[in-house]
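Worksheet for the structure shown next.
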Amino acid sequence: MAEPLRVALVDDHGLCRRGLGELLELRAGMKVVATTGNPEEGIEMIQAHLPDLAVIDLRMPQLDGLRLLRGLRDAGCPVPVVILTMSDSREDLAAALRMGARGYLLKDMDPQDVIDAIGRAARGELVVAPAMATKLAGLLEEGPQRAAPGSSLEQLTVREREILAQVARGLSNKAIARELGISHDTVKLHVRHILSKLGFSSRVEAAVFAIENRIGEGGRAARDDTDTPAARLVHSR
């Protein structure tokens, strides 16, 4: 029997924190290993428990969710993070994804949709609230995200571009390995090279970069905007 997904929660609203914890445990069979209403304790708590996923509120006193996420990344903590918030701001969405959040969900979503999205994020998918689809599309229309100075897609091999396209679909390394018929370790090595060449610190940054640059599944810039990784991400649930 598979071990339940281990989740940590950081939210200064006790009712929301307790309610979400009960939903995840009773309706999804997950295990909430740690919770806190004090965001300043969040970084230490998440590092101590190393859950499969951390769900973090955005608007909190003293330390907001984005600064908490940056603190985790600066500390080298690998735990994936999903932002769960009332904010439907396009700027907050962009900042969260580019900082490496695995997802951006809204508190007014149907509870079952939140549970399902958290489960998919824990399995390696990139999840965004359906209500944010238009704002995400607007971000993509503003132009490509910049990679590190001196880096470009031309530095990637054909296989690396192919894998980058799969990363942009929100697939985990295991799913990419199955999709391309290669080993999990090979995918991990390619992803590491991709991040190094493009100057990114997380696969989510690379995914957003690939989406904004219209990298299709074959590793080439997509010609049909109705069937790009961006379109599939925007319309996925």
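Letters for chains follow the order of the structure tokens (A, B, ...), residue numbers begin at 1 for each chain, and ligand numbers begin at 1 in the order shown.
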Please list as an MDAnalysis selection string every residue within 12 Å of A:His190, counting only C-alpha atoms and excluding residues in the same chain fewer than 5 positions away.
chainID A and resid 156:164 166:167 173 176:177 182:185 195:197 203
Create the file for the chosen residues now, containing C-alpha atoms and written as a tab-separated table (two decimals), in the first residue's frame.
```tsv
chain	number	residue	atom	x	y	z
A	156	LEU	CA	19.98	23.10	-25.69
A	157	THR	CA	20.30	19.81	-27.52
A	158	VAL	CA	17.36	18.37	-29.44
A	159	ARG	CA	16.64	15.94	-26.60
A	160	GLU	CA	16.86	18.72	-24.00
A	161	ARG	CA	14.33	20.80	-25.94
A	162	GLU	CA	12.07	17.78	-26.18
A	163	ILE	CA	12.25	17.26	-22.43
A	164	LEU	CA	11.76	21.00	-21.77
A	166	GLN	CA	7.35	17.94	-21.53
A	167	VAL	CA	8.31	19.92	-18.41
A	173	ASN	CA	10.35	13.24	-14.39
A	176	ILE	CA	8.47	12.21	-18.98
A	177	ALA	CA	10.53	9.01	-18.83
A	182	ILE	CA	13.96	6.65	-21.49
A	183	SER	CA	15.10	6.09	-17.91
A	184	HIS	CA	14.11	8.27	-14.97
A	185	ASP	CA	17.79	8.99	-14.21
A	195	LEU	CA	18.33	24.46	-15.70
A	196	SER	CA	22.08	25.03	-15.74
A	197	LYS	CA	22.19	26.20	-19.36
A	203	ARG	CA	11.84	23.40	-13.20
```
Spatial neighbours of A:Arg73, 10 Å, only C-alpha atoms, chain gap at least 4 places, as a ChimeraX atom specification:
/A:43,67-69,77-80,99-100,201-202
For a test of reading the model, state the distance in Å between atom CA of A:Gly42 and atom CA of A:Asp110, rounded to one decimal.
25.8 Å
Using only C-alpha atoms, pick whichever of A:Leu20, A:Leu9, A:Val128, A:Ala117 has the shortest atom-to-atom distance to A:Ala96.
A:Val128
Strand (DSSP E or B) per DSSP on the backbone: members of stretch 40-89 of chain A, as an MDAnalysis selection string
chainID A and resid 53:56 81:85
Could those selected residues go to a file with C-alpha atoms, as a PDB file, in the first residue's frame?
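Written out: again.pdb:
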```
ATOM      1  CA  LEU A  53       4.213  19.396  -0.580  1.00  0.00           C
ATOM      2  CA  ALA A  54       3.653  22.644   1.321  1.00  0.00           C
ATOM      3  CA  VAL A  55       0.485  24.701   0.870  1.00  0.00           C
ATOM      4  CA  ILE A  56       1.091  28.357   1.722  1.00  0.00           C
ATOM      5  CA  VAL A  81       5.024  24.731  -2.808  1.00  0.00           C
ATOM      6  CA  VAL A  82       1.460  25.522  -3.843  1.00  0.00           C
ATOM      7  CA  ILE A  83       0.081  28.987  -3.136  1.00  0.00           C
ATOM      8  CA  LEU A  84      -3.542  28.974  -1.898  1.00  0.00           C
ATOM      9  CA  THR A  85      -4.910  32.507  -1.708  1.00  0.00           C
TER      10      THR A  85
END
```
For A:Arg17, find every residue with an atom within 10 Å (counting only C-alpha atoms), except residues of its own chain fewer than 4 positions away, and show them as a list in words.
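The filter keeps Leu9, Val10, Asp11, Asp12, His13, Gly21, Glu22, Thr35, Thr36, Gly37, Val55, Ile56 and Asp57 of chain A.
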For the residues selected in the previous step, produce a file with C-alpha atoms as a short mmCIF file (atom, residue, chain, number, x, y, z; two decimals), in the first residue's frame.
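So part-v4.cif came out as:
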```cif
data_model
loop_
_atom_site.label_atom_id
_atom_site.label_comp_id
_atom_site.auth_asym_id
_atom_site.auth_seq_id
_atom_site.Cartn_x
_atom_site.Cartn_y
_atom_site.Cartn_z
CA LEU A 9 0.13 23.99 5.78
CA VAL A 10 1.02 27.64 6.45
CA ASP A 11 -1.96 29.99 6.84
CA ASP A 12 -2.60 32.65 9.46
CA HIS A 13 -6.36 31.99 9.34
CA GLY A 21 -6.24 19.93 6.89
CA GLU A 22 -9.40 17.97 7.65
CA THR A 35 0.76 23.32 10.36
CA THR A 36 1.41 26.84 11.55
CA GLY A 37 -0.39 30.15 11.60
CA VAL A 55 0.48 24.70 0.87
CA ILE A 56 1.09 28.36 1.72
CA ASP A 57 -1.22 31.35 1.98
#
```
Write out as a PyMOL selection string the set of residues from stretch 19-101 of chain A that DSSP, computed on the backbone, places in alpha helix (DSSP H).
chain A and resi 19-28+39-49+65-74+90-98
Same residues, N, CA and C atoms, saved as a short mmCIF file (atom, residue, chain, number, x, y, z; two decimals), in the first residue's frame:
```cif
data_model
loop_
_atom_site.label_atom_id
_atom_site.label_comp_id
_atom_site.auth_asym_id
_atom_site.auth_seq_id
_atom_site.Cartn_x
_atom_site.Cartn_y
_atom_site.Cartn_z
N GLY A 19 -9.66 23.62 8.44
CA GLY A 19 -10.61 23.06 7.48
C GLY A 19 -9.92 22.36 6.33
N LEU A 20 -8.88 22.98 5.78
CA LEU A 20 -8.15 22.36 4.68
C LEU A 20 -7.47 21.08 5.16
N GLY A 21 -6.90 21.12 6.36
CA GLY A 21 -6.24 19.93 6.89
C GLY A 21 -7.20 18.76 7.02
N GLU A 22 -8.41 19.02 7.51
CA GLU A 22 -9.40 17.97 7.65
C GLU A 22 -9.84 17.43 6.29
N LEU A 23 -10.02 18.33 5.33
CA LEU A 23 -10.40 17.90 3.98
C LEU A 23 -9.34 16.99 3.37
N LEU A 24 -8.08 17.38 3.51
CA LEU A 24 -7.01 16.60 2.90
C LEU A 24 -6.88 15.22 3.55
N GLU A 25 -7.09 15.16 4.84
CA GLU A 25 -6.94 13.88 5.54
C GLU A 25 -8.17 12.99 5.39
N LEU A 26 -9.36 13.57 5.53
CA LEU A 26 -10.58 12.76 5.54
C LEU A 26 -11.09 12.42 4.14
N ARG A 27 -10.90 13.36 3.19
CA ARG A 27 -11.45 13.14 1.86
C ARG A 27 -10.41 12.71 0.84
N ALA A 28 -9.14 12.95 1.12
CA ALA A 28 -8.11 12.62 0.14
C ALA A 28 -7.10 11.61 0.67
N PRO A 39 3.75 32.63 9.84
CA PRO A 39 4.59 32.43 8.65
C PRO A 39 6.08 32.49 8.94
N GLU A 40 6.47 33.20 9.98
CA GLU A 40 7.89 33.27 10.31
C GLU A 40 8.43 31.92 10.78
N GLU A 41 7.54 31.04 11.24
CA GLU A 41 7.95 29.70 11.64
C GLU A 41 7.89 28.72 10.47
N GLY A 42 7.30 29.17 9.37
CA GLY A 42 7.04 28.26 8.25
C GLY A 42 8.28 27.64 7.65
N ILE A 43 9.31 28.44 7.43
CA ILE A 43 10.52 27.93 6.78
C ILE A 43 11.16 26.83 7.62
N GLU A 44 11.34 27.10 8.91
CA GLU A 44 11.96 26.11 9.81
C GLU A 44 11.09 24.85 9.90
N MET A 45 9.76 25.04 9.98
CA MET A 45 8.85 23.90 10.09
C MET A 45 8.92 23.00 8.86
N ILE A 46 8.89 23.61 7.68
CA ILE A 46 8.92 22.84 6.44
C ILE A 46 10.25 22.12 6.27
N GLN A 47 11.35 22.79 6.61
CA GLN A 47 12.66 22.15 6.53
C GLN A 47 12.77 20.98 7.51
N ALA A 48 12.14 21.10 8.67
CA ALA A 48 12.23 20.05 9.68
C ALA A 48 11.45 18.81 9.27
N HIS A 49 10.30 18.99 8.64
CA HIS A 49 9.42 17.85 8.31
C HIS A 49 9.60 17.35 6.88
N GLY A 65 3.57 34.99 1.63
CA GLY A 65 3.88 33.69 1.05
C GLY A 65 5.03 33.70 0.06
N LEU A 66 5.16 34.78 -0.69
CA LEU A 66 6.25 34.85 -1.68
C LEU A 66 7.60 34.96 -1.00
N ARG A 67 7.67 35.74 0.06
CA ARG A 67 8.94 35.85 0.80
C ARG A 67 9.26 34.54 1.50
N LEU A 68 8.22 33.84 1.98
CA LEU A 68 8.44 32.54 2.59
C LEU A 68 8.98 31.56 1.56
N LEU A 69 8.38 31.59 0.36
CA LEU A 69 8.85 30.72 -0.72
C LEU A 69 10.29 31.03 -1.09
N ARG A 70 10.62 32.31 -1.17
CA ARG A 70 12.01 32.69 -1.49
C ARG A 70 12.95 32.22 -0.39
N GLY A 71 12.51 32.31 0.87
CA GLY A 71 13.35 31.84 1.96
C GLY A 71 13.63 30.35 1.88
N LEU A 72 12.61 29.57 1.48
CA LEU A 72 12.81 28.14 1.30
C LEU A 72 13.82 27.86 0.21
N ARG A 73 13.68 28.55 -0.91
CA ARG A 73 14.59 28.32 -2.03
C ARG A 73 16.01 28.77 -1.70
N ASP A 74 16.14 29.91 -1.01
CA ASP A 74 17.47 30.39 -0.63
C ASP A 74 18.14 29.40 0.32
N ARG A 90 -2.88 39.20 -11.22
CA ARG A 90 -1.99 38.64 -12.25
C ARG A 90 -0.54 38.78 -11.83
N GLU A 91 -0.21 39.88 -11.16
CA GLU A 91 1.17 40.09 -10.71
C GLU A 91 1.57 39.06 -9.67
N ASP A 92 0.65 38.73 -8.75
CA ASP A 92 0.95 37.71 -7.75
C ASP A 92 1.13 36.34 -8.41
N LEU A 93 0.28 36.03 -9.38
CA LEU A 93 0.41 34.76 -10.12
C LEU A 93 1.77 34.67 -10.79
N ALA A 94 2.17 35.74 -11.49
CA ALA A 94 3.46 35.73 -12.20
C ALA A 94 4.61 35.58 -11.23
N ALA A 95 4.56 36.33 -10.12
CA ALA A 95 5.66 36.27 -9.15
C ALA A 95 5.78 34.89 -8.54
N ALA A 96 4.64 34.27 -8.22
CA ALA A 96 4.66 32.95 -7.60
C ALA A 96 5.25 31.90 -8.55
N LEU A 97 4.80 31.89 -9.79
CA LEU A 97 5.30 30.89 -10.74
C LEU A 97 6.78 31.09 -11.04
N ARG A 98 7.19 32.33 -11.20
CA ARG A 98 8.58 32.58 -11.54
C ARG A 98 9.51 32.38 -10.35
#
```
So how far away is atom CA of A:Ala206 from atom CA of A:Ile194, in Å?
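Interatomic distance, atom CA of A:Ile194 to atom CA of A:Ala206: 8.0 Å.
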Nearest residue to A:Arg59 out of A:Ser87, A:Ser172, A:Arg6, A:Met30, using only C-alpha atoms?
A:Ser87
